[in-house]
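Participant: Please find one structure pasted underneath; my questions will follow.
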Amino acid sequence: MELLWQDIRQGLRTLGKSPSFTATVALTLGLGIGANAAVFSIINTLLLRPLPVADAANLYVLAVTHKDNEQPHQVSWADYVDYRDDSDVFSDLAAYAISFAGLSADKRADRVTVNYVTGNFFSMLGIRPQHGRLITPGEGDTFGADPVIVLGHSYWMRRFNGDPAVVGRTVLVNAQPFTVAGVVPEKFRGVYALVEFDAYMPLGMIFPQATYRELINRRDNHELRVIGRLKPGVSSRQAQAALDVTARQLEQQYPDTNATVRARVIPEHLARPEPNSADSSPFVAGVFMLLVGLVLLVACVNVINLLMVRATTRHRELAVRAALGAGRTRLVRQLLTESVLLALAGGATGALFGRWVSGMLTRITLPADIPVHFDLPFDWRVFAYIGLIALGTGVVAGLFPALKASSADLNNALREGGRSVAGGRQRLRGALVVGQVAVSLVLLVAAALFVRSVQSARAVDLGFDPSHVLNLSMDVSQLGVDEVHGRSFYRELESRVRALPGVETVSYAYSTPFGYYGSSEYVEAEGQPIPKEQRRPSAGFNMVGADYFSTMKVPVLRGRAFTTDDDERGRKVAIVNQYMAQKFWPGRDPLGKRFRMAGDDTSWLEVVGVAPNGKFRYLFEDPGMYFFAPMAQHYRAIRALHVRTAVANPETLAPAIQKEIHALNPDLPVYDVRSMAHALDGPNGFFLLRMGALFGGALGLLGLALALVGVYGVVSYAATQRTQEIGIRMALGARTTDVLRLVVGHGLLLVAAGIGVGLAAALWIGRLMSTLLFGVSSSDPVTFVTVPLLLGTMAVIASYIPAFRATRINPVQALRD
């Protein structure tokens with residue numbers, strides 16, 4: 001231990017004598033470690049950090065899959081009850097549904113995010129209230145019987161100024177009186193990742209009653225998220241086996257709804273925010289950790305080069321130490337101690353850089369009025385990760401230079417200054433630069449593929465025109481407005497907005513493209529009964545106004561669009577997409593054909609038009625069945641108002657439209673007010689691609705900068721080592737171009753070798769990333785031609801600077817030195 005402290009003290013003194021060198025290495029490693037820390041903080045939040053609940057490691061999410069949807073997704077109430085009571089593997093199992101509501105208090109109305117939970121939700125999680133009480137077992141078992149509400153901590157602070165006296169007060173939720181039962185603790189933000197709920201209510205308080213009845217009675221209504229704990233001694237594998245047995249029993253009992261339905265038990269930390277991410281999240285995390293790991297590798301190579309140059313300048317010092325009796329092990333240990341100290345300084349720098357990057361990431365906002373809580377704290381896991389990679393980097397980066405420096409010929413070092421060993425080290429540094437260039441090429445290719453994916457996504461045919469469209473969403477049921485008055489309100493509002501200057505067309509829709517309201521339903525074509533052994537096909541749908549197709553510029557390929565005659569008194573009609581027309585009526589004219597939604601035995605919908613296969617739910621969705629139905633025939637209290645404008649920026653009309661809304665109902669909350677082009681940047685649209693391109697681009701540029709510094713350093717050092725040779729060449733008549741060719745040629749040889757190795761590695765990385773790309777091949781020719789040219793050009797510039805400096809050598813001075 002005493003020797004270790006001696007090495008540390010000696011290392012600190014040595015590094016203190018070279019502050020510029022120390023700062024350069026710390027900054028270089030700090031960039032690489034900081035990028036890793038920032039990415040790891042995201043992974044820590046989404047996959048590693050346990051929920052602030054009791055025994056978080058034993059939390060599991062229950063999800064189901066079936067033939068039409070192989071991704072794990074939500075569970076129906078009836079299936080939840082059977083899995084809870086019959087599988088005998090869960091000690092407790094709770095369910096919850098996510099929705100919105102209107103909360104009115106103190107003459108002010110808010111739209112709030114609500115978590116409707118079963119009575120055992122909080123007791124299962126082991127959550128205690130900060131004030132009052134929470135929802136208790138038994139509450140929510142009967143519709144409308146328990147009008148209580150528990151406030152989220154942030155909403156309580158924001159809306160009620162953190163007043164404990166709010167407990168026991170009566171507030172209006174969707175115009176119904178509710179008693180505030182309590183407030184959740186500050187650390188608990190819910191079990192749905194990234195979203196902090198404003199309120200919690202018993203599941204039996206879902207309104208309207210028709211929605212509750214459909215949730216409870218329809219076994220194929222998969223709307224509930226289910227979370228629970230396994231019994232002591234039951235492993236996840238045993239639980240999965242038991243659930244498989246229960247699922248097959250349910251399939252036999254209910255073939256109409258449970259055909260091919262299978263259950264999956266998933267560790268809670270893998271099902272964030274949704275169970276369908278359980279299989280993909282670890283893969284995506286691994287890809288991005290690989291990319292930031294490559295950045296750190298480039299930084300390490302730079303540091304190795306710097307340490308080798310520094311070791312060359314210290315060869316006489318090391319020779320003297322060896323001559324005085326220091327063994328090779330002692331020298332290696334001293335040099336390793338110095339490199340570890342440098343790495344720890346880099347780790348501290350990286351922690352600051354990573355925290356800054358994480359802070360920038362938390363400021364990213366989604367184009368939706370949802371209380372997203374994207375917090376990336378640097379807890380002990382992040383700091384432990386930083387410490388481990390800093391220590392590992394110090395050992396990896398310092399070991400080889402230490403071994404190389406300690407193995408030099410001491411007699412040559414003392415007698416000749418060590419020039420005889422320079423050639424071998426120069427070749428090693430050249431090999432390291434080849435690796436740097438190769439890794440940098442891989443990072444740039446990954447970044448370019450993400451950017452190309454965004455370009456491809458922007459050019460895809462969405463099936464509608466998002467330009468010049470403004471969206472405003474509202475829900476009159478949040479103020480207790482019934483259907484009759486709701487229809488009157490929306491008719492009057494549409495008339496008023498239509499008369500505003502700059503407005504071309506106006507229409508309503510239940511959901512906006514790529515929004516968080518999306519509906520699907522099982523459908524059946526007339527005359528095509530579904531065999532019991534097969535699942536009924538499902539189709540996405542939207543309820544829209546008469547002018548929807550002209551407002552959104554959705555073309556009608558066959559038949560007609562909706563008109564004002566398609567109201568509640570007319571025959572029920574629909575417009576289907578091409579996929580649905582081909583699926584139900586292949587080779588036949590779909591116009592005049594009829595289909596119906598599941599559970600509706602009387603209301604057949606007649607097809608009056610065919611629309612293209614657009615993208616209305618997700619950017620990545622494959623073509624599937626989709627149809628539109630008139631809003632007038634299927635009343636929805638919640639609506640998005642689409643306004644096509646004549647102005648370049650439709651959001652400039654938002655204040656005038658909101659004024660008209662509040663002139664009709666001053667208490668109605670209006671939300672998601674933004675242009676359609678802005679709305680498309682949400683999580684179901686371009687957001688993830690844009691973040692991937694931004695993140696990949698940042699890593700690519702960082703890797704490029706580090707690689708170019710490496711190329712510059714090696715070429716510059718090589719030119720310095722060959723000063724006498726260059727002086728002799730110039731004295732013998734070599735021209736400036738000859739010297740440039742000599743020095744630049746050395747750099748280009750290294751770059752060419754690095755590009756060759758990098759292209760092979762990039763092809764492999766591209767195939768690994770293929771599932772994350774959109775509309776771009778993993779071996780995209782544009783990318784694999786442009787990136788090497790860019791890298792080669794930048795490397796020529798980096799090589800030219802020391803080459804040009806070499807042409808300024810004075811031959812007489814070089815020969816004299």
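Simple scheme: letters A, B, ... for chains in structure tokens order, numbers from 1 for residues in each chain, numbers from 1 for ligands in the order shown.
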I'd like to know which residues of segment 17-66 of chain A are helix (DSSP H, G or I) (by DSSP, run on the backbone); could you write them as a PyMOL selection string?
Facilitator: chain A and resi 19-48+56-58
Participant: Could you list, as a PDB file with N, CA and C atoms, in the first residue's frame, every residue within 12 Å of segment 658-668 of chain A, counting only C-alpha atoms and ignoring same-chain residues fewer than 5 positions away?
Facilitator:
ATOM      1  N   ALA A 101     -59.397  13.428 -18.242  1.00  0.00           N
ATOM      2  CA  ALA A 101     -60.651  13.893 -17.657  1.00  0.00           C
ATOM      3  C   ALA A 101     -60.561  15.400 -17.464  1.00  0.00           C
ATOM      4  N   GLY A 102     -61.704  15.997 -17.228  1.00  0.00           N
ATOM      5  CA  GLY A 102     -61.743  17.417 -16.924  1.00  0.00           C
ATOM      6  C   GLY A 102     -61.963  17.621 -15.440  1.00  0.00           C
ATOM      7  N   LEU A 103     -61.037  18.324 -14.793  1.00  0.00           N
ATOM      8  CA  LEU A 103     -61.144  18.576 -13.360  1.00  0.00           C
ATOM      9  C   LEU A 103     -61.413  20.061 -13.153  1.00  0.00           C
ATOM     10  N   SER A 104     -62.516  20.371 -12.452  1.00  0.00           N
ATOM     11  CA  SER A 104     -62.888  21.756 -12.195  1.00  0.00           C
ATOM     12  C   SER A 104     -62.871  22.019 -10.699  1.00  0.00           C
ATOM     13  N   ALA A 105     -62.202  23.115 -10.346  1.00  0.00           N
ATOM     14  CA  ALA A 105     -62.161  23.555  -8.954  1.00  0.00           C
ATOM     15  C   ALA A 105     -61.831  25.039  -8.945  1.00  0.00           C
ATOM     16  N   ASP A 106     -62.396  25.746  -7.994  1.00  0.00           N
ATOM     17  CA  ASP A 106     -62.135  27.182  -7.865  1.00  0.00           C
ATOM     18  C   ASP A 106     -62.421  27.927  -9.165  1.00  0.00           C
ATOM     19  N   LYS A 107     -63.528  27.528  -9.836  1.00  0.00           N
ATOM     20  CA  LYS A 107     -63.984  28.183 -11.065  1.00  0.00           C
ATOM     21  C   LYS A 107     -62.947  28.112 -12.189  1.00  0.00           C
ATOM     22  N   ARG A 108     -62.217  26.997 -12.223  1.00  0.00           N
ATOM     23  CA  ARG A 108     -61.235  26.799 -13.283  1.00  0.00           C
ATOM     24  C   ARG A 108     -61.223  25.327 -13.656  1.00  0.00           C
ATOM     25  N   ALA A 109     -61.182  25.059 -14.965  1.00  0.00           N
ATOM     26  CA  ALA A 109     -61.201  23.670 -15.452  1.00  0.00           C
ATOM     27  C   ALA A 109     -59.859  23.323 -16.080  1.00  0.00           C
ATOM     28  N   ASP A 110     -59.369  22.112 -15.790  1.00  0.00           N
ATOM     29  CA  ASP A 110     -58.132  21.590 -16.377  1.00  0.00           C
ATOM     30  C   ASP A 110     -58.420  20.247 -17.031  1.00  0.00           C
ATOM     31  N   ARG A 111     -57.680  19.952 -18.072  1.00  0.00           N
ATOM     32  CA  ARG A 111     -57.649  18.575 -18.553  1.00  0.00           C
ATOM     33  C   ARG A 111     -56.515  17.871 -17.817  1.00  0.00           C
ATOM     34  N   ASN A 174     -65.264  15.652 -14.820  1.00  0.00           N
ATOM     35  CA  ASN A 174     -66.254  15.463 -15.891  1.00  0.00           C
ATOM     36  C   ASN A 174     -67.648  15.854 -15.403  1.00  0.00           C
ATOM     37  N   ALA A 175     -67.673  16.960 -14.658  1.00  0.00           N
ATOM     38  CA  ALA A 175     -68.911  17.570 -14.140  1.00  0.00           C
ATOM     39  C   ALA A 175     -69.578  16.759 -13.036  1.00  0.00           C
ATOM     40  N   LEU A 470     -53.985  23.385 -39.017  1.00  0.00           N
ATOM     41  CA  LEU A 470     -53.889  23.628 -37.579  1.00  0.00           C
ATOM     42  C   LEU A 470     -54.806  22.658 -36.845  1.00  0.00           C
ATOM     43  N   ASN A 471     -54.321  22.099 -35.750  1.00  0.00           N
ATOM     44  CA  ASN A 471     -55.104  21.174 -34.926  1.00  0.00           C
ATOM     45  C   ASN A 471     -55.403  21.808 -33.574  1.00  0.00           C
ATOM     46  N   LEU A 472     -56.611  21.646 -33.114  1.00  0.00           N
ATOM     47  CA  LEU A 472     -56.998  22.018 -31.757  1.00  0.00           C
ATOM     48  C   LEU A 472     -57.908  20.922 -31.224  1.00  0.00           C
ATOM     49  N   SER A 473     -57.622  20.426 -30.026  1.00  0.00           N
ATOM     50  CA  SER A 473     -58.402  19.316 -29.474  1.00  0.00           C
ATOM     51  C   SER A 473     -59.187  19.773 -28.257  1.00  0.00           C
ATOM     52  N   MET A 474     -60.351  19.149 -28.066  1.00  0.00           N
ATOM     53  CA  MET A 474     -61.215  19.486 -26.935  1.00  0.00           C
ATOM     54  C   MET A 474     -62.142  18.304 -26.643  1.00  0.00           C
ATOM     55  N   ASP A 475     -62.715  18.311 -25.457  1.00  0.00           N
ATOM     56  CA  ASP A 475     -63.618  17.243 -25.046  1.00  0.00           C
ATOM     57  C   ASP A 475     -64.706  17.856 -24.171  1.00  0.00           C
ATOM     58  N   VAL A 476     -65.888  18.039 -24.754  1.00  0.00           N
ATOM     59  CA  VAL A 476     -66.966  18.708 -24.008  1.00  0.00           C
ATOM     60  C   VAL A 476     -67.499  17.842 -22.869  1.00  0.00           C
ATOM     61  N   SER A 477     -67.262  16.528 -22.931  1.00  0.00           N
ATOM     62  CA  SER A 477     -67.737  15.675 -21.834  1.00  0.00           C
ATOM     63  C   SER A 477     -66.980  15.967 -20.544  1.00  0.00           C
ATOM     64  N   GLN A 478     -65.805  16.587 -20.643  1.00  0.00           N
ATOM     65  CA  GLN A 478     -65.054  16.932 -19.439  1.00  0.00           C
ATOM     66  C   GLN A 478     -65.767  18.003 -18.614  1.00  0.00           C
ATOM     67  N   LEU A 479     -66.732  18.686 -19.239  1.00  0.00           N
ATOM     68  CA  LEU A 479     -67.541  19.658 -18.514  1.00  0.00           C
ATOM     69  C   LEU A 479     -68.972  19.165 -18.326  1.00  0.00           C
ATOM     70  N   GLY A 480     -69.205  17.870 -18.586  1.00  0.00           N
ATOM     71  CA  GLY A 480     -70.523  17.294 -18.378  1.00  0.00           C
ATOM     72  C   GLY A 480     -71.530  17.611 -19.461  1.00  0.00           C
ATOM     73  N   VAL A 481     -71.069  18.038 -20.648  1.00  0.00           N
ATOM     74  CA  VAL A 481     -71.987  18.379 -21.735  1.00  0.00           C
ATOM     75  C   VAL A 481     -72.510  17.087 -22.367  1.00  0.00           C
ATOM     76  N   HIS A 485     -76.378  18.748 -26.510  1.00  0.00           N
ATOM     77  CA  HIS A 485     -75.707  20.045 -26.419  1.00  0.00           C
ATOM     78  C   HIS A 485     -74.311  19.992 -27.036  1.00  0.00           C
ATOM     79  N   GLY A 486     -73.674  18.810 -27.001  1.00  0.00           N
ATOM     80  CA  GLY A 486     -72.366  18.672 -27.636  1.00  0.00           C
ATOM     81  C   GLY A 486     -72.452  18.842 -29.142  1.00  0.00           C
ATOM     82  N   SER A 488     -74.683  20.519 -30.765  1.00  0.00           N
ATOM     83  CA  SER A 488     -74.991  21.926 -31.020  1.00  0.00           C
ATOM     84  C   SER A 488     -73.739  22.790 -30.877  1.00  0.00           C
ATOM     85  N   PHE A 489     -72.951  22.518 -29.844  1.00  0.00           N
ATOM     86  CA  PHE A 489     -71.720  23.281 -29.626  1.00  0.00           C
ATOM     87  C   PHE A 489     -70.767  23.137 -30.815  1.00  0.00           C
ATOM     88  N   TYR A 490     -70.548  21.900 -31.253  1.00  0.00           N
ATOM     89  CA  TYR A 490     -69.588  21.670 -32.333  1.00  0.00           C
ATOM     90  C   TYR A 490     -70.079  22.251 -33.664  1.00  0.00           C
ATOM     91  N   ARG A 491     -71.396  22.216 -33.912  1.00  0.00           N
ATOM     92  CA  ARG A 491     -71.916  22.822 -35.140  1.00  0.00           C
ATOM     93  C   ARG A 491     -71.691  24.334 -35.145  1.00  0.00           C
ATOM     94  N   GLU A 492     -71.981  24.963 -34.019  1.00  0.00           N
ATOM     95  CA  GLU A 492     -71.810  26.410 -33.932  1.00  0.00           C
ATOM     96  C   GLU A 492     -70.336  26.800 -34.036  1.00  0.00           C
ATOM     97  N   LEU A 493     -69.466  26.035 -33.388  1.00  0.00           N
ATOM     98  CA  LEU A 493     -68.042  26.338 -33.453  1.00  0.00           C
ATOM     99  C   LEU A 493     -67.519  26.211 -34.880  1.00  0.00           C
ATOM    100  N   GLU A 494     -67.924  25.150 -35.566  1.00  0.00           N
ATOM    101  CA  GLU A 494     -67.481  24.974 -36.946  1.00  0.00           C
ATOM    102  C   GLU A 494     -67.926  26.144 -37.813  1.00  0.00           C
ATOM    103  N   SER A 495     -69.136  26.615 -37.634  1.00  0.00           N
ATOM    104  CA  SER A 495     -69.652  27.744 -38.409  1.00  0.00           C
ATOM    105  C   SER A 495     -68.834  29.003 -38.130  1.00  0.00           C
ATOM    106  N   ARG A 496     -68.493  29.241 -36.867  1.00  0.00           N
ATOM    107  CA  ARG A 496     -67.736  30.440 -36.505  1.00  0.00           C
ATOM    108  C   ARG A 496     -66.298  30.389 -37.052  1.00  0.00           C
ATOM    109  N   VAL A 497     -65.654  29.239 -36.926  1.00  0.00           N
ATOM    110  CA  VAL A 497     -64.265  29.119 -37.398  1.00  0.00           C
ATOM    111  C   VAL A 497     -64.207  29.240 -38.907  1.00  0.00           C
ATOM    112  N   ARG A 498     -65.210  28.701 -39.581  1.00  0.00           N
ATOM    113  CA  ARG A 498     -65.246  28.763 -41.041  1.00  0.00           C
ATOM    114  C   ARG A 498     -65.293  30.221 -41.539  1.00  0.00           C
ATOM    115  N   ALA A 499     -65.863  31.108 -40.738  1.00  0.00           N
ATOM    116  CA  ALA A 499     -66.019  32.502 -41.140  1.00  0.00           C
ATOM    117  C   ALA A 499     -64.790  33.355 -40.838  1.00  0.00           C
ATOM    118  N   LEU A 500     -63.768  32.791 -40.153  1.00  0.00           N
ATOM    119  CA  LEU A 500     -62.583  33.574 -39.806  1.00  0.00           C
ATOM    120  C   LEU A 500     -61.725  33.836 -41.036  1.00  0.00           C
ATOM    121  N   ILE A 638     -65.086  13.856 -27.611  1.00  0.00           N
ATOM    122  CA  ILE A 638     -63.720  14.335 -27.783  1.00  0.00           C
ATOM    123  C   ILE A 638     -63.447  14.471 -29.276  1.00  0.00           C
ATOM    124  N   LEU A 641     -60.149  19.494 -33.943  1.00  0.00           N
ATOM    125  CA  LEU A 641     -60.610  20.414 -34.974  1.00  0.00           C
ATOM    126  C   LEU A 641     -59.458  20.657 -35.939  1.00  0.00           C
ATOM    127  N   GLU A 651     -50.360  28.249 -37.147  1.00  0.00           N
ATOM    128  CA  GLU A 651     -50.463  28.487 -35.708  1.00  0.00           C
ATOM    129  C   GLU A 651     -50.766  29.946 -35.384  1.00  0.00           C
ATOM    130  N   THR A 652     -50.581  30.855 -36.354  1.00  0.00           N
ATOM    131  CA  THR A 652     -50.914  32.259 -36.113  1.00  0.00           C
ATOM    132  C   THR A 652     -52.422  32.473 -35.967  1.00  0.00           C
ATOM    133  N   LEU A 653     -53.219  31.511 -36.455  1.00  0.00           N
ATOM    134  CA  LEU A 653     -54.682  31.622 -36.328  1.00  0.00           C
ATOM    135  C   LEU A 653     -55.203  31.026 -35.021  1.00  0.00           C
ATOM    136  N   VAL A 673     -52.717  22.265 -29.218  1.00  0.00           N
ATOM    137  CA  VAL A 673     -52.887  23.321 -30.217  1.00  0.00           C
ATOM    138  C   VAL A 673     -51.564  23.486 -30.947  1.00  0.00           C
ATOM    139  N   ARG A 674     -51.515  22.979 -32.160  1.00  0.00           N
ATOM    140  CA  ARG A 674     -50.275  23.058 -32.944  1.00  0.00           C
ATOM    141  C   ARG A 674     -50.579  22.701 -34.388  1.00  0.00           C
TER     142      ARG A 674
END
Participant: Could you give me, as a count of residues only, each residue of segment 143-368 of chain A that DSSP assigns to strand (DSSP E) when run on this structure's backbone?
Facilitator: 32
Participant: Just to confirm, what's the straight-line distance from atom CA of Ser467 of chain A to atom CA of Arg636 of chain A in Å (one decimal)?
Facilitator: 25.6 Å
Participant: Please determine, counting only C-alpha atoms, which residue among A:Gly204, A:Gly34, A:Pro275, A:Pro371 has the shortest atom-to-atom distance to His73 of chain A.
Facilitator: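 For His73 of chain A, the nearest of the given residues is A:Pro275.
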Participant: Do you know which residues are at most 10 Å from Pro377 of chain A counting only C-alpha atoms, after dropping those on the same chain fewer than 6 positions away, and could you put them as a PyMOL selection string?
Facilitator: chain A and resi 41-42+44-45+355+358-359+362
Participant: Using the selection just defined, write its residues with C-alpha atoms as a compact mmCIF listing (two decimals), in the first residue's frame.
Facilitator:
# COMPACT_ATOMS: atom_id res chain seq x y z
CA SER A 41 -28.24 7.62 -17.91
CA ILE A 42 -31.06 7.11 -20.45
CA ASN A 44 -30.59 3.53 -16.49
CA THR A 45 -33.85 5.48 -16.39
CA ARG A 355 -24.55 15.62 -16.93
CA SER A 358 -28.40 14.69 -20.01
CA GLY A 359 -29.72 18.07 -18.92
CA THR A 362 -34.45 16.49 -20.50
Participant: Any idea what's packed within 10 Å of Tyr712 of chain A, counting only C-alpha atoms, ignoring anything in its chain fewer than 6 positions away? Could you give it as a PyMOL selection string?
Facilitator: chain A and resi 433+706+718+747+795-803
Participant: For Val576 of chain A, which of A:Gly609, A:Pro623, A:Gly696, A:Gly592 is the closest residue, counting only C-alpha atoms?
Facilitator: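 Comparing A:Gly609, A:Pro623, A:Gly696, A:Gly592 against Val576 of chain A, the winner is A:Gly609.
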Participant: Could you check how far atom CA of Thr564 of chain A sits from atom CA of Ala546 of chain A, in Å to one decimal?
Facilitator: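 Pair atom CA of Thr564 of chain A / atom CA of Ala546 of chain A returns 5.7 Å.
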Participant: List as a ChimeraX atom specification the protein and nucleic acid residues near Ile127 of chain A, meaning an atom at most 9 Å away when only C-alpha atoms are counted, but skip any in the same chain fewer than 2 places from it.
Facilitator: /A:52-54,121-125,129,134,184-185,188
Participant: Quick one: write out the picked residues with N, CA, C and O atoms as an mmCIF file, in the first residue's frame?
Facilitator:
data_model
loop_
_atom_site.group_PDB
_atom_site.id
_atom_site.type_symbol
_atom_site.label_atom_id
_atom_site.label_comp_id
_atom_site.auth_asym_id
_atom_site.auth_seq_id
_atom_site.Cartn_x
_atom_site.Cartn_y
_atom_site.Cartn_z
ATOM 1 N N PRO A 52 -39.818 3.378 -7.407
ATOM 2 C CA PRO A 52 -39.755 3.679 -5.968
ATOM 3 C C PRO A 52 -40.916 3.054 -5.212
ATOM 4 O O PRO A 52 -41.758 3.741 -4.621
ATOM 5 N N VAL A 53 -40.985 1.725 -5.255
ATOM 6 C CA VAL A 53 -42.045 0.982 -4.582
ATOM 7 C C VAL A 53 -41.400 -0.157 -3.797
ATOM 8 O O VAL A 53 -40.205 -0.443 -3.944
ATOM 9 N N ALA A 54 -42.187 -0.811 -2.995
ATOM 10 C CA ALA A 54 -41.681 -1.922 -2.205
ATOM 11 C C ALA A 54 -41.347 -3.119 -3.102
ATOM 12 O O ALA A 54 -42.112 -3.465 -3.998
ATOM 13 N N PHE A 121 -54.304 -1.512 -6.259
ATOM 14 C CA PHE A 121 -53.152 -0.964 -6.977
ATOM 15 C C PHE A 121 -52.084 -0.435 -6.011
ATOM 16 O O PHE A 121 -50.910 -0.834 -6.075
ATOM 17 N N PHE A 122 -52.479 0.443 -5.106
ATOM 18 C CA PHE A 122 -51.501 1.061 -4.217
ATOM 19 C C PHE A 122 -51.017 0.086 -3.144
ATOM 20 O O PHE A 122 -49.833 0.096 -2.775
ATOM 21 N N SER A 123 -51.899 -0.743 -2.633
ATOM 22 C CA SER A 123 -51.474 -1.704 -1.606
ATOM 23 C C SER A 123 -50.512 -2.727 -2.193
ATOM 24 O O SER A 123 -49.562 -3.151 -1.514
ATOM 25 N N MET A 124 -50.736 -3.140 -3.453
ATOM 26 C CA MET A 124 -49.823 -4.077 -4.092
ATOM 27 C C MET A 124 -48.429 -3.458 -4.251
ATOM 28 O O MET A 124 -47.408 -4.121 -4.055
ATOM 29 N N LEU A 125 -48.367 -2.177 -4.573
ATOM 30 C CA LEU A 125 -47.083 -1.502 -4.760
ATOM 31 C C LEU A 125 -46.433 -1.093 -3.447
ATOM 32 O O LEU A 125 -45.245 -0.757 -3.410
ATOM 33 N N PRO A 129 -49.599 7.216 1.397
ATOM 34 C CA PRO A 129 -49.941 8.580 0.970
ATOM 35 C C PRO A 129 -49.072 9.625 1.656
ATOM 36 O O PRO A 129 -48.585 9.415 2.770
ATOM 37 N N LEU A 134 -55.120 6.681 0.167
ATOM 38 C CA LEU A 134 -55.121 6.284 -1.231
ATOM 39 C C LEU A 134 -56.342 5.420 -1.519
ATOM 40 O O LEU A 134 -57.148 5.133 -0.627
ATOM 41 N N VAL A 184 -50.451 11.389 -3.479
ATOM 42 C CA VAL A 184 -49.381 10.390 -3.500
ATOM 43 C C VAL A 184 -48.070 11.044 -3.071
ATOM 44 O O VAL A 184 -47.912 12.267 -3.173
ATOM 45 N N PRO A 185 -47.095 10.273 -2.600
ATOM 46 C CA PRO A 185 -45.807 10.858 -2.203
ATOM 47 C C PRO A 185 -45.051 11.414 -3.405
ATOM 48 O O PRO A 185 -45.291 11.030 -4.543
ATOM 49 N N PHE A 188 -43.272 9.095 -6.019
ATOM 50 C CA PHE A 188 -44.061 8.177 -6.843
ATOM 51 C C PHE A 188 -44.722 8.940 -7.990
ATOM 52 O O PHE A 188 -45.566 9.808 -7.761
#
Participant: Nearest to Leu748 of chain A: which of A:Gly430, A:Gly559, A:Gly346, A:Gly30 is it, counting only C-alpha atoms?
Facilitator: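 Looking at the shortest contact to Leu748 of chain A, the residue is A:Gly430.
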Participant: Show me, as a PDB file with C-alpha atoms, in the first residue's frame, the residues that have an atom within 8 Å of segment 261-268 of chain A when counting only C-alpha atoms, minus same-chain residues fewer than 6 positions from it.
Facilitator:
ATOM      1  CA  ASN A  58     -40.424  -8.740  -7.985  1.00  0.00           C
ATOM      2  CA  LEU A  59     -42.722  -6.656 -10.186  1.00  0.00           C
ATOM      3  CA  TYR A  60     -43.903  -8.244 -13.431  1.00  0.00           C
ATOM      4  CA  VAL A  61     -46.133  -7.011 -16.213  1.00  0.00           C
ATOM      5  CA  LEU A  62     -48.787  -9.311 -17.647  1.00  0.00           C
ATOM      6  CA  ALA A  63     -49.436  -8.879 -21.377  1.00  0.00           C
ATOM      7  CA  VAL A  64     -51.013 -10.905 -24.160  1.00  0.00           C
ATOM      8  CA  THR A  65     -50.299 -11.651 -27.796  1.00  0.00           C
ATOM      9  CA  HIS A  66     -52.422 -13.117 -30.547  1.00  0.00           C
ATOM     10  CA  LYS A  67     -52.209 -13.952 -34.219  1.00  0.00           C
ATOM     11  CA  PRO A  72     -47.118  -8.013 -26.192  1.00  0.00           C
ATOM     12  CA  ILE A 227     -48.873  -5.411 -13.143  1.00  0.00           C
ATOM     13  CA  SER A 236     -40.699 -16.193 -14.034  1.00  0.00           C
ATOM     14  CA  ALA A 239     -45.131 -18.404 -13.998  1.00  0.00           C
ATOM     15  CA  GLN A 240     -44.946 -18.397 -17.789  1.00  0.00           C
ATOM     16  CA  LEU A 243     -50.023 -18.841 -17.712  1.00  0.00           C
ATOM     17  CA  ASP A 244     -49.642 -20.877 -20.899  1.00  0.00           C
ATOM     18  CA  ALA A 247     -54.385 -19.283 -21.809  1.00  0.00           C
ATOM     19  CA  ARG A 248     -55.116 -22.583 -23.570  1.00  0.00           C
ATOM     20  CA  GLU A 251     -59.007 -20.474 -25.684  1.00  0.00           C
ATOM     21  CA  PRO A 275     -44.929  -4.287 -22.967  1.00  0.00           C
ATOM     22  CA  ALA A 278     -39.766  -5.783 -23.973  1.00  0.00           C
TER      23      ALA A 278
END
Participant: Enter the distance from atom CA of Ala97 of chain A to atom CA of Arg158 of chain A, in Å, rounded to one decimal.
Facilitator: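 Going from atom CA of Ala97 of chain A over to atom CA of Arg158 of chain A, I get 23.6 Å.
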Participant: Restricting the calculation to only C-alpha atoms: of A:Ala285, A:Ala348, A:Ala446, A:Met543, which residue gets closest to Ile575 of chain A?
Facilitator: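 Of the candidates, the smallest distance to Ile575 of chain A is held by A:Met543.
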Participant: My list of candidates is A:Met580, A:Val503, A:Thr793, A:Leu449. Which is closest to Phe774 of chain A when distances are computed with only C-alpha atoms?
Facilitator: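 Selected residue with least distance to Phe774 of chain A: A:Leu449.
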Participant: With distances taken over only C-alpha atoms, which of A:Ile8, A:Ile216, A:Val751, A:Val757 is nearest to Tyr80 of chain A?
Facilitator: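 For Tyr80 of chain A, the nearest of the given residues is A:Ile216.
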